[in-house]
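Structure, as structure tokens:
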Amino acid sequence: MLKQIPMTIKGAEQLKEELQRLKSVDRPNIIQAISEARAQGDLSENAEYESAKERQSFIEGRIAEIEAKLSTAMVIDPSSIVGESECVFGSTVEVQDLDTEDIFTYQIVGDDEADIKQKKISINSPIAKAFIGKAIGDVAEVNTPGGAKSYEILNIKYV
């Protein structure tokens with residue numbers, strides 16, 4: 001049985017947009033570049049041809065990877081979560097570091113969507129795993145390379 005990959009609606013849309021661009025823009029462009037490089041003659045010492053073939057290989061691999069992810073995607077709409085009172089996939093959680101008293105807000109998303117600059121953490125990260133199942137007022141213990149950290153759950157939103 002194939003493992004389902006959780007992702008938010010936005011994450012699935014981003015993958016679909018990338019797939020569309022790869023198929024309709026990048027793939028035709030690289031085919032054209034290969035054709036032009038071939039027209040230059042001797043392929044054994046043609047750096048443009050080798051570069052274009054490598055790029056084509058990358059594009060085809062990425063297309064296959066995205067299609068596989070989308071075929072096993074379990075798309076979750078966080079706003080449809082009703083009656084939950086604990087941190088789950090897709091939820092946005094506000095926490096306070098109990099050592100520094102700093103407050104952070106994170107959304108728990110799929111691996112492909114994770115981007116710490118946008119405050120999105122992977123469901124498979126240690127911090128997200130510590131938050132899952134916790135309710136407002138609970139303390140989550142996270143083992144980090146710098147030692148154990150404790151976070152109090154201040155708020156949970158499903159948007």
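Naming scheme: A, B, ... for chains in displayed order of the structure tokens; residues 1 onward per chain; ligands 1 onward as shown.
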Filtered DSSP result for segment 44-116 of chain A, state strand (DSSP E), as a ChimeraX atom specification: /A:73-76,92-97,103-109
Write out the residues from the selection above, keeping N, CA, C and O atoms, as a PDB file, in the first residue's frame.
ATOM      1  N   ALA A  73      -1.174  12.087  -2.518  1.00  0.00           N
ATOM      2  CA  ALA A  73      -1.445  13.198  -1.602  1.00  0.00           C
ATOM      3  C   ALA A  73      -2.750  13.004  -0.834  1.00  0.00           C
ATOM      4  O   ALA A  73      -3.753  12.559  -1.380  1.00  0.00           O
ATOM      5  N   MET A  74      -2.683  13.341   0.430  1.00  0.00           N
ATOM      6  CA  MET A  74      -3.871  13.419   1.271  1.00  0.00           C
ATOM      7  C   MET A  74      -4.015  14.909   1.587  1.00  0.00           C
ATOM      8  O   MET A  74      -3.363  15.434   2.494  1.00  0.00           O
ATOM      9  N   VAL A  75      -4.815  15.604   0.765  1.00  0.00           N
ATOM     10  CA  VAL A  75      -4.950  17.051   0.888  1.00  0.00           C
ATOM     11  C   VAL A  75      -5.895  17.366   2.045  1.00  0.00           C
ATOM     12  O   VAL A  75      -7.018  16.881   2.099  1.00  0.00           O
ATOM     13  N   ILE A  76      -5.398  18.188   2.954  1.00  0.00           N
ATOM     14  CA  ILE A  76      -6.149  18.521   4.167  1.00  0.00           C
ATOM     15  C   ILE A  76      -6.400  20.024   4.201  1.00  0.00           C
ATOM     16  O   ILE A  76      -5.479  20.817   4.033  1.00  0.00           O
ATOM     17  N   THR A  92      -2.282  26.063  12.917  1.00  0.00           N
ATOM     18  CA  THR A  92      -1.296  27.092  13.227  1.00  0.00           C
ATOM     19  C   THR A  92      -1.262  27.206  14.745  1.00  0.00           C
ATOM     20  O   THR A  92      -2.294  27.398  15.375  1.00  0.00           O
ATOM     21  N   VAL A  93      -0.077  27.052  15.296  1.00  0.00           N
ATOM     22  CA  VAL A  93       0.051  27.007  16.751  1.00  0.00           C
ATOM     23  C   VAL A  93       0.954  28.145  17.229  1.00  0.00           C
ATOM     24  O   VAL A  93       1.994  28.410  16.643  1.00  0.00           O
ATOM     25  N   GLU A  94       0.481  28.828  18.257  1.00  0.00           N
ATOM     26  CA  GLU A  94       1.261  29.890  18.884  1.00  0.00           C
ATOM     27  C   GLU A  94       1.830  29.325  20.177  1.00  0.00           C
ATOM     28  O   GLU A  94       1.079  28.776  20.994  1.00  0.00           O
ATOM     29  N   VAL A  95       3.147  29.428  20.332  1.00  0.00           N
ATOM     30  CA  VAL A  95       3.810  28.835  21.492  1.00  0.00           C
ATOM     31  C   VAL A  95       4.740  29.849  22.144  1.00  0.00           C
ATOM     32  O   VAL A  95       5.167  30.812  21.523  1.00  0.00           O
ATOM     33  N   GLN A  96       5.025  29.586  23.415  1.00  0.00           N
ATOM     34  CA  GLN A  96       5.982  30.422  24.130  1.00  0.00           C
ATOM     35  C   GLN A  96       7.116  29.547  24.625  1.00  0.00           C
ATOM     36  O   GLN A  96       6.885  28.511  25.273  1.00  0.00           O
ATOM     37  N   ASP A  97       8.342  29.949  24.287  1.00  0.00           N
ATOM     38  CA  ASP A  97       9.531  29.267  24.775  1.00  0.00           C
ATOM     39  C   ASP A  97       9.616  29.562  26.275  1.00  0.00           C
ATOM     40  O   ASP A  97       9.722  30.725  26.669  1.00  0.00           O
ATOM     41  N   ILE A 103       7.778  34.343  21.972  1.00  0.00           N
ATOM     42  CA  ILE A 103       6.558  33.750  21.421  1.00  0.00           C
ATOM     43  C   ILE A 103       6.762  33.518  19.928  1.00  0.00           C
ATOM     44  O   ILE A 103       7.267  34.396  19.217  1.00  0.00           O
ATOM     45  N   PHE A 104       6.391  32.325  19.481  1.00  0.00           N
ATOM     46  CA  PHE A 104       6.529  31.935  18.076  1.00  0.00           C
ATOM     47  C   PHE A 104       5.193  31.417  17.566  1.00  0.00           C
ATOM     48  O   PHE A 104       4.412  30.859  18.334  1.00  0.00           O
ATOM     49  N   THR A 105       4.969  31.575  16.268  1.00  0.00           N
ATOM     50  CA  THR A 105       3.788  31.020  15.626  1.00  0.00           C
ATOM     51  C   THR A 105       4.251  30.170  14.452  1.00  0.00           C
ATOM     52  O   THR A 105       5.053  30.621  13.627  1.00  0.00           O
ATOM     53  N   TYR A 106       3.761  28.920  14.394  1.00  0.00           N
ATOM     54  CA  TYR A 106       4.128  27.999  13.321  1.00  0.00           C
ATOM     55  C   TYR A 106       2.879  27.348  12.754  1.00  0.00           C
ATOM     56  O   TYR A 106       1.928  27.088  13.496  1.00  0.00           O
ATOM     57  N   GLN A 107       2.926  27.045  11.454  1.00  0.00           N
ATOM     58  CA  GLN A 107       1.897  26.193  10.856  1.00  0.00           C
ATOM     59  C   GLN A 107       2.551  24.854  10.576  1.00  0.00           C
ATOM     60  O   GLN A 107       3.672  24.791  10.056  1.00  0.00           O
ATOM     61  N   ILE A 108       1.851  23.775  10.903  1.00  0.00           N
ATOM     62  CA  ILE A 108       2.370  22.430  10.667  1.00  0.00           C
ATOM     63  C   ILE A 108       1.884  21.980   9.292  1.00  0.00           C
ATOM     64  O   ILE A 108       0.680  21.889   9.046  1.00  0.00           O
ATOM     65  N   VAL A 109       2.852  21.727   8.392  1.00  0.00           N
ATOM     66  CA  VAL A 109       2.554  21.424   6.993  1.00  0.00           C
ATOM     67  C   VAL A 109       3.314  20.178   6.543  1.00  0.00           C
ATOM     68  O   VAL A 109       4.087  19.599   7.305  1.00  0.00           O
TER      69      VAL A 109
END
Find the residues near Pro28 of chain A: any atom within 12 Å, counting only C-alpha atoms, skip ones fewer than 5 places away on the same chain, and give them as JSON, numbers by chain. {"A": [20, 21, 22, 23, 33, 34, 35, 52, 55, 56, 59, 60]}
Non-local contacts of Gly90 of chain A (10 Å; only C-alpha atoms; under 6 positions in same chain excluded) as number ranges by chain: A: 6-9, 75-79, 81, 106-110, 120-123, 157-159
Take the residues from that selection and write them out as a PDB file, in the first residue's frame, keeping N, CA and C atoms.
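This is the output file selection.pdb:
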ATOM      1  N   PRO A   6       0.663  13.780   3.535  1.00  0.00           N
ATOM      2  CA  PRO A   6      -0.229  14.876   3.907  1.00  0.00           C
ATOM      3  C   PRO A   6       0.276  16.202   3.359  1.00  0.00           C
ATOM      4  N   MET A   7      -0.654  17.024   2.873  1.00  0.00           N
ATOM      5  CA  MET A   7      -0.309  18.376   2.444  1.00  0.00           C
ATOM      6  C   MET A   7      -1.555  19.250   2.526  1.00  0.00           C
ATOM      7  N   THR A   8      -1.312  20.537   2.683  1.00  0.00           N
ATOM      8  CA  THR A   8      -2.427  21.475   2.730  1.00  0.00           C
ATOM      9  C   THR A   8      -2.904  21.744   1.304  1.00  0.00           C
ATOM     10  N   ILE A   9      -4.052  22.379   1.182  1.00  0.00           N
ATOM     11  CA  ILE A   9      -4.581  22.746  -0.137  1.00  0.00           C
ATOM     12  C   ILE A   9      -3.570  23.632  -0.866  1.00  0.00           C
ATOM     13  N   VAL A  75      -4.815  15.604   0.765  1.00  0.00           N
ATOM     14  CA  VAL A  75      -4.950  17.051   0.888  1.00  0.00           C
ATOM     15  C   VAL A  75      -5.895  17.366   2.045  1.00  0.00           C
ATOM     16  N   ILE A  76      -5.398  18.188   2.954  1.00  0.00           N
ATOM     17  CA  ILE A  76      -6.149  18.521   4.167  1.00  0.00           C
ATOM     18  C   ILE A  76      -6.400  20.024   4.201  1.00  0.00           C
ATOM     19  N   ASP A  77      -7.660  20.390   4.410  1.00  0.00           N
ATOM     20  CA  ASP A  77      -8.048  21.795   4.551  1.00  0.00           C
ATOM     21  C   ASP A  77      -8.149  22.096   6.039  1.00  0.00           C
ATOM     22  N   PRO A  78      -7.170  22.833   6.599  1.00  0.00           N
ATOM     23  CA  PRO A  78      -7.200  23.112   8.035  1.00  0.00           C
ATOM     24  C   PRO A  78      -8.490  23.798   8.499  1.00  0.00           C
ATOM     25  N   SER A  79      -9.111  24.606   7.630  1.00  0.00           N
ATOM     26  CA  SER A  79     -10.321  25.326   8.042  1.00  0.00           C
ATOM     27  C   SER A  79     -11.523  24.389   8.174  1.00  0.00           C
ATOM     28  N   ILE A  81     -11.417  21.614   9.827  1.00  0.00           N
ATOM     29  CA  ILE A  81     -11.277  20.881  11.081  1.00  0.00           C
ATOM     30  C   ILE A  81     -12.204  21.525  12.101  1.00  0.00           C
ATOM     31  N   TYR A 106       3.761  28.920  14.394  1.00  0.00           N
ATOM     32  CA  TYR A 106       4.128  27.999  13.321  1.00  0.00           C
ATOM     33  C   TYR A 106       2.879  27.348  12.754  1.00  0.00           C
ATOM     34  N   GLN A 107       2.926  27.045  11.454  1.00  0.00           N
ATOM     35  CA  GLN A 107       1.897  26.193  10.856  1.00  0.00           C
ATOM     36  C   GLN A 107       2.551  24.854  10.576  1.00  0.00           C
ATOM     37  N   ILE A 108       1.851  23.775  10.903  1.00  0.00           N
ATOM     38  CA  ILE A 108       2.370  22.430  10.667  1.00  0.00           C
ATOM     39  C   ILE A 108       1.884  21.980   9.292  1.00  0.00           C
ATOM     40  N   VAL A 109       2.852  21.727   8.392  1.00  0.00           N
ATOM     41  CA  VAL A 109       2.554  21.424   6.993  1.00  0.00           C
ATOM     42  C   VAL A 109       3.314  20.178   6.543  1.00  0.00           C
ATOM     43  N   GLY A 110       3.109  19.791   5.288  1.00  0.00           N
ATOM     44  CA  GLY A 110       3.817  18.658   4.708  1.00  0.00           C
ATOM     45  C   GLY A 110       5.273  18.999   4.421  1.00  0.00           C
ATOM     46  N   LYS A 120       6.548  27.888   8.574  1.00  0.00           N
ATOM     47  CA  LYS A 120       5.888  26.620   8.256  1.00  0.00           C
ATOM     48  C   LYS A 120       6.867  25.499   8.565  1.00  0.00           C
ATOM     49  N   ILE A 121       6.454  24.587   9.456  1.00  0.00           N
ATOM     50  CA  ILE A 121       7.337  23.492   9.855  1.00  0.00           C
ATOM     51  C   ILE A 121       6.763  22.154   9.401  1.00  0.00           C
ATOM     52  N   SER A 122       7.656  21.255   9.035  1.00  0.00           N
ATOM     53  CA  SER A 122       7.262  19.940   8.542  1.00  0.00           C
ATOM     54  C   SER A 122       6.630  19.098   9.650  1.00  0.00           C
ATOM     55  N   ILE A 123       5.586  18.367   9.277  1.00  0.00           N
ATOM     56  CA  ILE A 123       4.929  17.425  10.182  1.00  0.00           C
ATOM     57  C   ILE A 123       5.935  16.414  10.729  1.00  0.00           C
ATOM     58  N   LYS A 157      -4.998  27.602  15.886  1.00  0.00           N
ATOM     59  CA  LYS A 157      -5.973  28.040  14.885  1.00  0.00           C
ATOM     60  C   LYS A 157      -6.008  27.034  13.753  1.00  0.00           C
ATOM     61  N   TYR A 158      -7.155  26.926  13.133  1.00  0.00           N
ATOM     62  CA  TYR A 158      -7.342  26.017  12.001  1.00  0.00           C
ATOM     63  C   TYR A 158      -7.801  26.854  10.810  1.00  0.00           C
ATOM     64  N   VAL A 159      -6.828  27.490  10.123  1.00  0.00           N
ATOM     65  CA  VAL A 159      -7.147  28.379   8.992  1.00  0.00           C
ATOM     66  C   VAL A 159      -6.496  27.907   7.714  1.00  0.00           C
TER      67      VAL A 159
END
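Atom CA of Cys87 of chain A to atom CA of Thr100 of chain A spans 22.2 Å [interatomic distance, one decimal].
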Polymer residues at most 8 Å from Ala130 of chain A, only C-alpha atoms, same-chain spacing of 3 or more positions, as a PDB file with N, CA, C and O atoms, in the first residue's frame:
ATOM      1  N   PRO A 126      11.030  17.370  14.547  1.00  0.00           N
ATOM      2  CA  PRO A 126      10.884  17.087  15.985  1.00  0.00           C
ATOM      3  C   PRO A 126       9.957  18.071  16.705  1.00  0.00           C
ATOM      4  O   PRO A 126       9.170  17.673  17.564  1.00  0.00           O
ATOM      5  N   ILE A 127      10.019  19.348  16.320  1.00  0.00           N
ATOM      6  CA  ILE A 127       9.186  20.342  17.003  1.00  0.00           C
ATOM      7  C   ILE A 127       7.707  20.115  16.690  1.00  0.00           C
ATOM      8  O   ILE A 127       6.852  20.175  17.572  1.00  0.00           O
ATOM      9  N   LYS A 134      -1.201  18.175  21.369  1.00  0.00           N
ATOM     10  CA  LYS A 134      -1.214  19.064  22.528  1.00  0.00           C
ATOM     11  C   LYS A 134      -2.363  20.064  22.399  1.00  0.00           C
ATOM     12  O   LYS A 134      -2.751  20.452  21.311  1.00  0.00           O
ATOM     13  N   ALA A 140       4.945  21.366  25.567  1.00  0.00           N
ATOM     14  CA  ALA A 140       5.575  20.420  24.646  1.00  0.00           C
ATOM     15  C   ALA A 140       7.074  20.424  24.905  1.00  0.00           C
ATOM     16  O   ALA A 140       7.691  21.484  24.965  1.00  0.00           O
ATOM     17  N   GLU A 141       7.648  19.243  25.067  1.00  0.00           N
ATOM     18  CA  GLU A 141       9.087  19.093  25.270  1.00  0.00           C
ATOM     19  C   GLU A 141       9.716  18.695  23.942  1.00  0.00           C
ATOM     20  O   GLU A 141       9.282  17.741  23.302  1.00  0.00           O
ATOM     21  N   VAL A 142      10.738  19.436  23.526  1.00  0.00           N
ATOM     22  CA  VAL A 142      11.404  19.164  22.257  1.00  0.00           C
ATOM     23  C   VAL A 142      12.895  18.959  22.514  1.00  0.00           C
ATOM     24  O   VAL A 142      13.535  19.806  23.126  1.00  0.00           O
TER      25      VAL A 142
END
For atom CA of Ile116 of chain A and atom CA of Ser80 of chain A, the interatomic separation in Å (one decimal):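 Atom CA of Ile116 of chain A sits 24.3 Å away from atom CA of Ser80 of chain A.
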Per-residue DSSP, chain A, filtered to alpha helix (DSSP H), as a PyMOL selection string: chain A and resi 9-21+27-38+47-71+126-131
Distance criterion (only C-alpha atoms): nearest to Gly11 of chain A out of A:Ala68, A:Asp111, A:Asp99, A:Lys119: A:Asp111
Could you work out how far atom CA of Glu86 of chain A lies from atom CA of Leu98 of chain A, giving the answer in Å with one decimal? 19.4 Å
Looking at only C-alpha atoms, which of A:Arg62, A:Lys53, A:Lys10, A:Arg38 is the one that sits closest to Glu113 of chain A?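 Answer, going by the shortest atom-to-atom distance: A:Lys10.
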Restricting the calculation to only C-alpha atoms: of A:Thr144, A:Gln4, A:Ser91, A:Asn155, which residue gets closest to Ser71 of chain A?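 Closest to Ser71 of chain A of all the choices is A:Gln4.
Of the residues under consideration (A:Gln40, A:Asn29, A:Ser150, A:Asn124), A:Asn124 shows the shortest atom-to-atom contact distance to Ile5 of chain A when counting only C-alpha atoms.
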